[in-house]
Amino acid sequence: MSTQKRRISRISAMHYCKLFFRGFLFLAAAVVYLLDHPQYDNPLYDDISRWPVLFDIIWVVFVVEMILRFFPSNLESMGCQKQFARNYKPVSSKDAKPVLQSAKTTASVAAAWFALNGAIGALYFAGIIDKGILMLIALAYSVCDMICILFFCPFQTWFMKNRCCATCRIYNWDFAMMFTPLLFVPHFYTWSLLGIALALLIEWEYLLHKYPERFSESTNRCLSCASCPEKLCHHKKQLQRFLRRNREYLRLKGNNLFNKDK
């Protein structure tokens with residue numbers, strides 16, 4: 001295999017950097033929470049001024065990232081850039097029509113997400129978890145967002161059944177989903193993050209309904225595998241191949257251990 005084939009794309013490298021950085025933010029917030037929780041009921045957001053650097057970084061990083069999503073960029077994946085006119089290249093066939101995931105499918109994703117976060121909200125109002133845990137959940141979602149892009153996406157696999165991130169119907173739902181737990185944490189930082197995320201989602205849905213041809217690989221050549229410079233799907237395929245190769249080995253090893261214990 002040549003060096004060129006082993007080299008990951010610039011977009012992939014950027015997502016790995018995001019994964020590690022978001023993981024660092026989550027761990028930093030978790031350390032703050034664990035160290036101060038014995039002394040304070042709600043350490044993270046009842047007195048946010050006590051850790052101005054940490055929360056300023058969290059807020060600035062995500063606000064900047066979301067604002068950039070409103071504009072075309074070469075530093076973002078085509079999955080969240082296909083709504084822009086410059087990324088629309090019509091297919092040669094005049095009879096081509098956009099094919100998108102059904103409203104029923106997308107509604108099932110929204111219902112599942114509301115159910116999950118509704119349960120989290122119920123735990124908060126029941127006093128089982130506090131505002132700090134809600135913030136940690138939001139940061140954990142941000143890490144999971146990168147895992148979905150690079151390795152495994154339950155929404156793609158179990159709900160949407162789309163080929164890859166480039167054709168994902170709900171790509172720009174990510175920030176709104178990420179910051180859903182912050183709905184229960186009234187503060188300028190939290191509600192401004194959620195507000196910008198919702199604005200991004202509304203713009204995405206508006207453009208999708210106005211220009212559906214931009215969002216479908218059957219009508220937009222930019223979404224085809226041949227036009228893709230990112231190759232984000234390679235990471236998922238490599239993981240799937242690894243699991244397939246090792247599934248039988250792990251099964252046999254598990255059976256041997258079980259028989260040995262007997």
# chains A, B, ... in the order shown; residues from 1 in each chain; ligands from 1
$ closest_atom_pairs --of "stretch 165-247 of chain A" --to "stretch 55-59 of chain A" --cutoff "10 Å" --atoms "only C-alpha atoms" --output "JSON lines"
{"residue": "A:Tyr189", "atom": "CA", "partner": "A:Trp59", "partner_atom": "CA", "distance": 6.4}
{"residue": "A:Thr190", "atom": "CA", "partner": "A:Trp59", "partner_atom": "CA", "distance": 8.2}
{"residue": "A:Ser192", "atom": "CA", "partner": "A:Trp59", "partner_atom": "CA", "distance": 8.9}
{"residue": "A:Leu193", "atom": "CA", "partner": "A:Trp59", "partner_atom": "CA", "distance": 7.2}
$ select_by_dssp --residues "stretch 29-200 of chain A" --states "helix (DSSP H, G or I)" --output "number ranges by chain"
A: 29-36, 48-50, 52-69, 78-80, 85-87, 103-125, 131-150, 154-160, 165-167, 171-178, 180-184, 188-200
$ residues_around --residues "stretch 143-153 of chain A" --least-positions-apart "5" --cutoff "6 Å" --atoms "only C-alpha atoms" --output "VMD selection string"
chain A and resid 19 22 to 23 235 to 236
$ closest_residue --among "A:Asn172, A:Trp191, A:Arg245, A:Leu232" --to "A:Cys80" --atoms "only C-alpha atoms"
A:Asn172
$ closest_residue --among "A:Ser92, A:Ser224, A:Ser142, A:Asn117" --to "A:Phe20" --atoms "only C-alpha atoms"
A:Ser142
$ closest_atom_pairs --of "stretch 165-224 of chain A" --to "stretch 94-101 of chain A" --cutoff "7 Å" --atoms "only C-alpha atoms" --output "tab-separated table"
residue	atom	partner	partner_atom	distance
A:Arg169	CA	A:Gln101	CA	6.6
A:Pro212	CA	A:Pro98	CA	6.2
A:Glu213	CA	A:Pro98	CA	5.0
A:Ser216	CA	A:Pro98	CA	5.2
A:Ser218	CA	A:Pro98	CA	5.8
A:Thr219	CA	A:Pro98	CA	5.5
$ write_last_selection --atoms "N, CA, C and O atoms" --output "mmCIF file, in the first residue's frame"
data_model
loop_
_atom_site.group_PDB
_atom_site.id
_atom_site.type_symbol
_atom_site.label_atom_id
_atom_site.label_comp_id
_atom_site.auth_asym_id
_atom_site.auth_seq_id
_atom_site.Cartn_x
_atom_site.Cartn_y
_atom_site.Cartn_z
ATOM 1 N N ARG A 169 -29.367 13.214 5.986
ATOM 2 C CA ARG A 169 -30.502 14.151 6.001
ATOM 3 C C ARG A 169 -30.485 15.051 7.229
ATOM 4 O O ARG A 169 -31.016 16.173 7.195
ATOM 5 N N PRO A 212 -34.342 20.918 -2.332
ATOM 6 C CA PRO A 212 -34.101 19.499 -2.022
ATOM 7 C C PRO A 212 -33.081 18.853 -2.958
ATOM 8 O O PRO A 212 -32.426 17.880 -2.579
ATOM 9 N N GLU A 213 -32.950 19.399 -4.164
ATOM 10 C CA GLU A 213 -32.004 18.817 -5.120
ATOM 11 C C GLU A 213 -30.555 18.910 -4.635
ATOM 12 O O GLU A 213 -29.703 18.107 -5.037
ATOM 13 N N SER A 216 -29.556 15.613 -2.257
ATOM 14 C CA SER A 216 -29.690 14.238 -2.738
ATOM 15 C C SER A 216 -28.591 13.899 -3.730
ATOM 16 O O SER A 216 -28.307 14.683 -4.654
ATOM 17 N N SER A 218 -28.805 11.751 -5.953
ATOM 18 C CA SER A 218 -29.407 11.464 -7.255
ATOM 19 C C SER A 218 -29.509 12.714 -8.123
ATOM 20 O O SER A 218 -29.712 12.617 -9.334
ATOM 21 N N THR A 219 -29.373 13.883 -7.518
ATOM 22 C CA THR A 219 -29.458 15.134 -8.268
ATOM 23 C C THR A 219 -28.225 16.027 -8.100
ATOM 24 O O THR A 219 -28.053 16.977 -8.856
#
$ atom_distance --atom1 "atom CA of A:Leu136" --atom2 "atom CA of A:Phe26"
6.6 Å
$ atom_distance --atom1 "atom CA of A:Cys165" --atom2 "atom CA of A:Val60"
25.8 Å
$ residues_around --residues "A:Ser12" --least-positions-apart "5" --cutoff "10 Å" --atoms "only C-alpha atoms" --output "PyMOL selection string"
chain A and resi 7+17-18+76-77+149-150+229-235
